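*Asks:* Provided herewith: coords05.txt, compact mmCIF, C-alpha atoms.
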# COMPACT_ATOMS: atom_id res chain seq x y z
CA MET A 14 -75.33 63.90 -82.31
CA ILE A 15 -73.52 61.21 -80.30
CA ASN A 16 -76.42 60.95 -77.88
CA ALA A 17 -78.86 60.51 -80.78
CA ILE A 18 -76.78 57.65 -82.22
CA ARG A 19 -76.51 56.04 -78.80
CA ALA A 20 -80.24 56.40 -78.11
CA HIS A 21 -81.37 54.98 -81.46
CA LEU A 22 -79.08 51.97 -81.20
CA GLY A 23 -80.05 51.55 -77.54
CA GLU A 24 -83.62 50.95 -78.75
CA PHE A 25 -82.29 47.81 -80.43
CA GLY A 26 -80.30 46.75 -77.38
CA ILE A 27 -76.95 47.81 -78.83
CA VAL A 28 -74.85 49.74 -76.32
CA ALA A 29 -71.19 50.67 -76.12
CA PRO A 30 -68.86 52.26 -73.55
CA VAL A 31 -69.04 55.99 -72.98
CA GLY A 32 -66.51 58.10 -74.84
CA ARG A 33 -64.98 58.47 -78.25
CA ASN A 34 -64.20 54.78 -78.69
CA GLY A 35 -67.72 53.77 -77.69
CA VAL A 36 -69.38 55.80 -80.41
CA GLU A 37 -66.89 54.45 -82.94
CA GLU A 38 -67.92 50.92 -81.94
CA LEU A 39 -71.55 51.86 -82.55
CA LEU A 40 -70.75 53.32 -85.96
CA GLU A 41 -68.93 50.09 -86.87
CA VAL A 42 -72.15 48.18 -86.08
CA VAL A 43 -74.07 50.60 -88.31
CA ALA A 44 -71.53 50.17 -91.15
CA ASP A 45 -71.67 46.34 -90.99
CA PRO A 46 -74.46 45.18 -93.34
CA SER A 47 -74.17 41.61 -92.05
CA ASP A 48 -75.27 42.71 -88.53
CA LYS A 49 -78.99 41.88 -88.57
CA ARG A 50 -79.77 43.57 -85.24
CA VAL A 51 -80.25 46.85 -87.10
CA PRO A 52 -83.00 47.12 -89.78
CA GLU A 53 -81.87 48.55 -93.11
CA ILE A 54 -83.93 51.74 -92.89
CA VAL A 55 -82.48 52.43 -89.42
CA ARG A 56 -78.99 51.62 -90.71
CA ALA A 57 -79.41 54.20 -93.49
CA CYS A 58 -80.60 56.90 -91.05
CA LEU A 59 -77.83 56.17 -88.56
CA ALA A 60 -75.23 56.13 -91.33
CA ALA A 61 -76.38 59.66 -92.22
CA LEU A 62 -76.03 60.70 -88.56
CA GLY A 63 -72.56 59.12 -88.49
CA ALA A 64 -71.55 61.08 -91.59
CA GLN A 65 -72.83 64.30 -89.98
CA LEU A 66 -70.89 63.51 -86.82
CA ARG A 67 -67.66 62.98 -88.76
CA ARG A 68 -68.19 66.23 -90.68
CA LEU A 69 -68.87 68.06 -87.42
CA LYS A 70 -65.64 66.71 -85.92
CA GLU A 71 -63.72 67.90 -89.01
CA GLN A 72 -65.26 71.37 -88.70
CA ILE A 73 -64.40 71.56 -85.00
CA LEU A 74 -60.79 70.62 -85.75
CA GLU A 75 -60.63 73.25 -88.50
CA PHE A 76 -62.03 75.95 -86.20
CA ASP A 77 -59.57 74.87 -83.51
CA ARG A 78 -56.70 75.31 -86.01
CA MET A 79 -58.02 78.76 -86.94
CA ILE A 80 -58.23 79.81 -83.27
CA ARG A 81 -54.68 78.60 -82.62
CA ALA A 82 -53.38 80.46 -85.68
CA TRP A 83 -55.07 83.68 -84.53
CA HIS A 84 -53.69 83.09 -81.04
CA ARG A 85 -50.12 82.85 -82.38
CA SER A 86 -50.59 86.11 -84.32
CA SER A 87 -51.96 88.15 -81.39
CA GLU A 88 -49.47 89.66 -78.94
CA MET A 89 -52.13 90.16 -76.25
CA SER A 90 -53.34 86.58 -76.59
CA LEU A 91 -49.80 85.22 -76.29
CA ARG A 92 -49.17 87.33 -73.15
CA LEU A 93 -52.40 86.11 -71.55
CA ASP A 94 -51.44 82.50 -72.33
CA ASP A 95 -48.53 82.80 -69.88
CA CYS A 96 -50.93 83.07 -66.92
CA PRO A 97 -51.72 79.86 -65.03
CA GLY A 98 -55.04 78.38 -66.11
CA ILE A 99 -55.28 80.44 -69.28
CA GLY A 100 -54.76 78.54 -72.50
CA PRO A 101 -55.20 79.49 -76.14
CA VAL A 102 -59.01 79.32 -76.07
CA LEU A 103 -59.46 81.64 -73.07
CA ALA A 104 -56.61 83.91 -74.21
CA THR A 105 -58.14 84.40 -77.65
CA ALA A 106 -61.63 84.89 -76.18
CA LEU A 107 -60.31 87.58 -73.83
CA ALA A 108 -58.25 89.30 -76.52
CA ALA A 109 -61.21 89.30 -78.90
CA THR A 110 -63.74 90.47 -76.30
CA ILE A 111 -61.76 93.19 -74.54
CA ALA A 112 -60.35 95.72 -76.96
CA ASP A 113 -58.80 97.95 -74.27
CA PRO A 114 -57.90 96.33 -70.93
CA LYS A 115 -57.23 99.81 -69.49
CA ALA A 116 -61.01 100.34 -69.43
CA PHE A 117 -60.97 98.45 -66.11
CA ARG A 118 -59.49 100.31 -63.15
CA SER A 119 -58.68 97.14 -61.26
CA GLY A 120 -58.83 93.37 -61.38
CA ARG A 121 -61.97 93.51 -59.24
CA ASN A 122 -63.74 95.72 -61.80
CA PHE A 123 -62.80 93.23 -64.49
CA SER A 124 -64.02 90.34 -62.31
CA ALA A 125 -67.30 92.16 -61.70
CA TRP A 126 -67.70 92.72 -65.44
CA ILE A 127 -67.33 88.98 -66.03
CA GLY A 128 -69.54 88.11 -63.06
CA ILE A 129 -67.16 86.21 -60.78
CA VAL A 130 -67.42 88.38 -57.66
CA PRO A 131 -69.81 88.01 -54.72
CA LYS A 132 -72.95 90.12 -54.54
CA GLN A 133 -72.59 92.88 -51.98
CA HIS A 134 -75.34 93.59 -49.46
CA SER A 135 -73.51 96.23 -47.48
CA SER A 136 -74.79 99.22 -45.54
CA GLY A 137 -73.82 101.23 -42.50
CA GLY A 138 -70.21 100.11 -42.65
CA LYS A 139 -71.13 96.42 -42.44
CA ASN A 140 -69.86 94.43 -45.38
CA ARG A 141 -72.00 91.41 -46.22
CA LEU A 142 -71.13 89.33 -49.23
CA GLY A 143 -73.52 86.92 -50.89
CA GLY A 144 -73.03 84.29 -53.55
CA ILE A 145 -71.31 84.83 -56.89
CA SER A 146 -73.35 87.34 -58.90
CA LYS A 147 -73.16 85.44 -62.21
CA GLN A 148 -73.86 88.67 -64.06
CA GLY A 149 -71.77 89.44 -67.11
CA ASP A 150 -70.15 87.30 -69.77
CA ARG A 151 -71.23 83.70 -69.20
CA TYR A 152 -68.81 82.24 -71.77
CA LEU A 153 -65.72 83.93 -70.30
CA ARG A 154 -66.83 83.06 -66.77
CA GLY A 155 -67.13 79.39 -67.74
CA LEU A 156 -63.68 79.42 -69.33
CA PHE A 157 -62.15 81.05 -66.24
CA VAL A 158 -63.75 78.45 -63.96
CA ALA A 159 -62.47 75.61 -66.16
CA GLY A 160 -58.98 77.14 -66.15
CA ALA A 161 -58.98 77.58 -62.37
CA LEU A 162 -60.09 73.99 -61.86
CA ALA A 163 -57.28 72.83 -64.17
CA VAL A 164 -54.72 74.74 -62.10
CA ILE A 165 -56.09 73.22 -58.88
CA ARG A 166 -56.11 69.72 -60.37
CA TYR A 167 -52.52 70.15 -61.56
CA ALA A 168 -51.46 71.45 -58.13
CA LYS A 169 -53.01 68.48 -56.35
CA ILE A 170 -51.07 66.09 -58.58
CA HIS A 171 -47.73 67.91 -58.88
CA GLY A 172 -47.69 70.08 -55.76
CA THR A 173 -47.60 73.83 -55.20
CA LYS A 174 -43.89 74.34 -54.54
CA HIS A 175 -43.55 77.23 -57.01
CA ARG A 176 -46.92 78.82 -56.24
CA PRO A 177 -47.19 79.81 -52.56
CA TRP A 178 -50.35 81.82 -53.26
CA LEU A 179 -52.05 78.65 -54.49
CA ARG A 180 -50.87 76.67 -51.46
CA ALA A 181 -52.39 79.31 -49.16
CA LEU A 182 -55.62 79.34 -51.17
CA LEU A 183 -55.97 75.56 -51.06
CA ALA A 184 -55.21 75.53 -47.32
CA ALA A 185 -57.90 78.16 -46.70
CA ALA A 186 -60.41 76.20 -48.77
CA ALA A 187 -59.65 73.01 -46.82
CA ASN A 188 -60.51 74.72 -43.52
Please rewrite the model in this file as structure tokens.
*Replies:*
Amino acid sequence: MINAIRAHLGEFGIVAPVGRNGVEELLEVVADPSDKRVPEIVRACLAALGAQLRRLKEQILEFDRMIRAWHRSSEMSLRLDDCPGIGPVLATALAATIADPKAFRSGRNFSAWIGIVPKQHSSGGKNRLGGISKQGDRYLRGLFVAGALAVIRYAKIHGTKHRPWLRALLAAAAN
């Protein structure tokens, strides 16, 4: 929706900075009837797109509130939220997707189910690992990657004093 508004106004040479504030600047141009850079028919169409965008933002906020309320009511979701890199969105997605965590014998089985383990090409006692398999639940895998990157970003800014496992992992990745 935002890209459509940007593209249509870009056709008339009207551009704004990237981000939330930039699109608001563009919608102010659309709402200003004294701005003659935008023809009236285009202004009407873009005003409709702006109204849809605002409604979409309201819906997203409402769904976000609903997810947070469900998160606060679920014991499993609250327990998952204590793990580094797991917030309310990933915790609720995991709690909703996995009814019985005991179905997985180990963390590796769970990781394989999501698709965040290397492919194995092993035979004759020789273990050969390939790239990440990317089989399994794409949504959960994406949330886990985003959470892991957030933990790494936080560690680079604030240090890893309380997480020696993360310090060792970052040191191994640097080599």
*Asks:* Give the centre and edge lengths of an axis-aligned box, in Å to one decimal, that holds all listed atoms of segment 101-108 of chain A with 4 Å on each side, as JSON.
*Replies:*
{"center_x": -58.4, "center_y": 84.3, "center_z": -75.4, "size_x": 14.4, "size_y": 18.0, "size_z": 12.6}
*Asks:* Show me, as a CSV table (one decimal) with C-alpha atoms, keeping the file's coordinate frame, the residues that have an atom within 7 Å of segment 82-94 of chain A when counting only C-alpha atoms, minus same-chain residues fewer than 3 positions from it.
*Replies:*
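Once everything was written out, this is part.csv:
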chain,number,residue,atom,x,y,z
A,78,ARG,CA,-56.7,75.3,-86.0
A,79,MET,CA,-58.0,78.8,-86.9
A,99,ILE,CA,-55.3,80.4,-69.3
A,100,GLY,CA,-54.8,78.5,-72.5
A,101,PRO,CA,-55.2,79.5,-76.1
A,104,ALA,CA,-56.6,83.9,-74.2
A,105,THR,CA,-58.1,84.4,-77.6
A,108,ALA,CA,-58.2,89.3,-76.5
*Asks:* Report the distance between atom CA of Arg154 of chain A and atom CA of Lys115 of chain A in Å, rounded to one decimal place.
*Replies:*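 Computed distance, atom CA of Arg154 of chain A to atom CA of Lys115 of chain A, equals 19.5 Å.
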*Asks:* Given all atoms listed in the file as the basis, pick out the residue of A:Ile145, A:Ile15, A:Ala109, A:Ile54 nearest to Leu66 of chain A.
*Replies:*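 Going through A:Ile145, A:Ile15, A:Ala109, A:Ile54 one by one, the smallest distance to Leu66 of chain A is for A:Ile15.
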*Asks:* Hey, can you check how far atom CA of Pro131 of chain A sits from atom CA of Lys169 of chain A?
*Replies:*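 The value is 25.8 Å.
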*Asks:* Which residues are near Met14 of chain A? Cut-off 12 Å, all atoms listed in the file, ignore same chain within fewer than 3 positions. Put them as number ranges by chain.
*Replies:* A: 17-21, 36, 59-70
*Asks:* Once you have the residues from the selection above, write them out as a PDB file, in the frame of the given file, restricted to C-alpha atoms.
*Replies:*
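Output saved as again-v6.pdb:
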ATOM      1  CA  ALA A  17     -78.860  60.510 -80.780  1.00  0.00           C
ATOM      2  CA  ILE A  18     -76.780  57.650 -82.220  1.00  0.00           C
ATOM      3  CA  ARG A  19     -76.510  56.040 -78.800  1.00  0.00           C
ATOM      4  CA  ALA A  20     -80.240  56.400 -78.110  1.00  0.00           C
ATOM      5  CA  HIS A  21     -81.370  54.980 -81.460  1.00  0.00           C
ATOM      6  CA  VAL A  36     -69.380  55.800 -80.410  1.00  0.00           C
ATOM      7  CA  LEU A  59     -77.830  56.170 -88.560  1.00  0.00           C
ATOM      8  CA  ALA A  60     -75.230  56.130 -91.330  1.00  0.00           C
ATOM      9  CA  ALA A  61     -76.380  59.660 -92.220  1.00  0.00           C
ATOM     10  CA  LEU A  62     -76.030  60.700 -88.560  1.00  0.00           C
ATOM     11  CA  GLY A  63     -72.560  59.120 -88.490  1.00  0.00           C
ATOM     12  CA  ALA A  64     -71.550  61.080 -91.590  1.00  0.00           C
ATOM     13  CA  GLN A  65     -72.830  64.300 -89.980  1.00  0.00           C
ATOM     14  CA  LEU A  66     -70.890  63.510 -86.820  1.00  0.00           C
ATOM     15  CA  ARG A  67     -67.660  62.980 -88.760  1.00  0.00           C
ATOM     16  CA  ARG A  68     -68.190  66.230 -90.680  1.00  0.00           C
ATOM     17  CA  LEU A  69     -68.870  68.060 -87.420  1.00  0.00           C
ATOM     18  CA  LYS A  70     -65.640  66.710 -85.920  1.00  0.00           C
TER      19      LYS A  70
END
*Asks:* Do you have the atom CA of Arg176 of chain A-atom CA of Ser119 of chain A distance handy?
*Replies:*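 Separation of atom CA of Arg176 of chain A and atom CA of Ser119 of chain A: 22.3 Å.
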*Asks:* Any idea what's packed within 12 Å of Ala44 of chain A, counting all atoms listed in the file, ignoring anything in its chain fewer than 3 positions away? Could you give it as a PyMOL selection string?
*Replies:* chain A and resi 37-41+47-49+51-53+55-64
*Asks:* May I ask which of the residues A:Gly128, A:Asn122, A:Phe117, A:Cys96 is the closest one to Asp150 of chain A, counting all atoms listed in the file?
*Replies:*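 Once distances to Asp150 of chain A are computed over all atoms listed in the file, the minimum belongs to A:Gly128.
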*Asks:* Residues near Arg180 of chain A, anyone? I mean within 12 Å using only C-alpha atoms, not counting same-chain ones fewer than 4 positions away, as a ChimeraX atom specification.
*Replies:* /A:164-165,168-169,171-176,184-187
*Asks:* Those same residues, written as a PDB file, in the coordinates of the input with C-alpha atoms?
*Replies:*
ATOM      1  CA  VAL A 164     -54.720  74.740 -62.100  1.00  0.00           C
ATOM      2  CA  ILE A 165     -56.090  73.220 -58.880  1.00  0.00           C
ATOM      3  CA  ALA A 168     -51.460  71.450 -58.130  1.00  0.00           C
ATOM      4  CA  LYS A 169     -53.010  68.480 -56.350  1.00  0.00           C
ATOM      5  CA  HIS A 171     -47.730  67.910 -58.880  1.00  0.00           C
ATOM      6  CA  GLY A 172     -47.690  70.080 -55.760  1.00  0.00           C
ATOM      7  CA  THR A 173     -47.600  73.830 -55.200  1.00  0.00           C
ATOM      8  CA  LYS A 174     -43.890  74.340 -54.540  1.00  0.00           C
ATOM      9  CA  HIS A 175     -43.550  77.230 -57.010  1.00  0.00           C
ATOM     10  CA  ARG A 176     -46.920  78.820 -56.240  1.00  0.00           C
ATOM     11  CA  ALA A 184     -55.210  75.530 -47.320  1.00  0.00           C
ATOM     12  CA  ALA A 185     -57.900  78.160 -46.700  1.00  0.00           C
ATOM     13  CA  ALA A 186     -60.410  76.200 -48.770  1.00  0.00           C
ATOM     14  CA  ALA A 187     -59.650  73.010 -46.820  1.00  0.00           C
TER      15      ALA A 187
END
*Asks:* Restricting the calculation to only C-alpha atoms, which member of A:Leu179, A:Ile127, A:Leu153, A:Val28 is positioned closest to Tyr167 of chain A?
*Replies:*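 The shortest atom-to-atom distance to Tyr167 of chain A comes from A:Leu179.
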*Asks:* Taking all atoms listed in the file into account, name the residue in A:Pro114, A:Gly144, A:Gly98, A:Gly23 that is nearest to Leu162 of chain A.
*Replies:*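 Nearest to Leu162 of chain A: A:Gly98.
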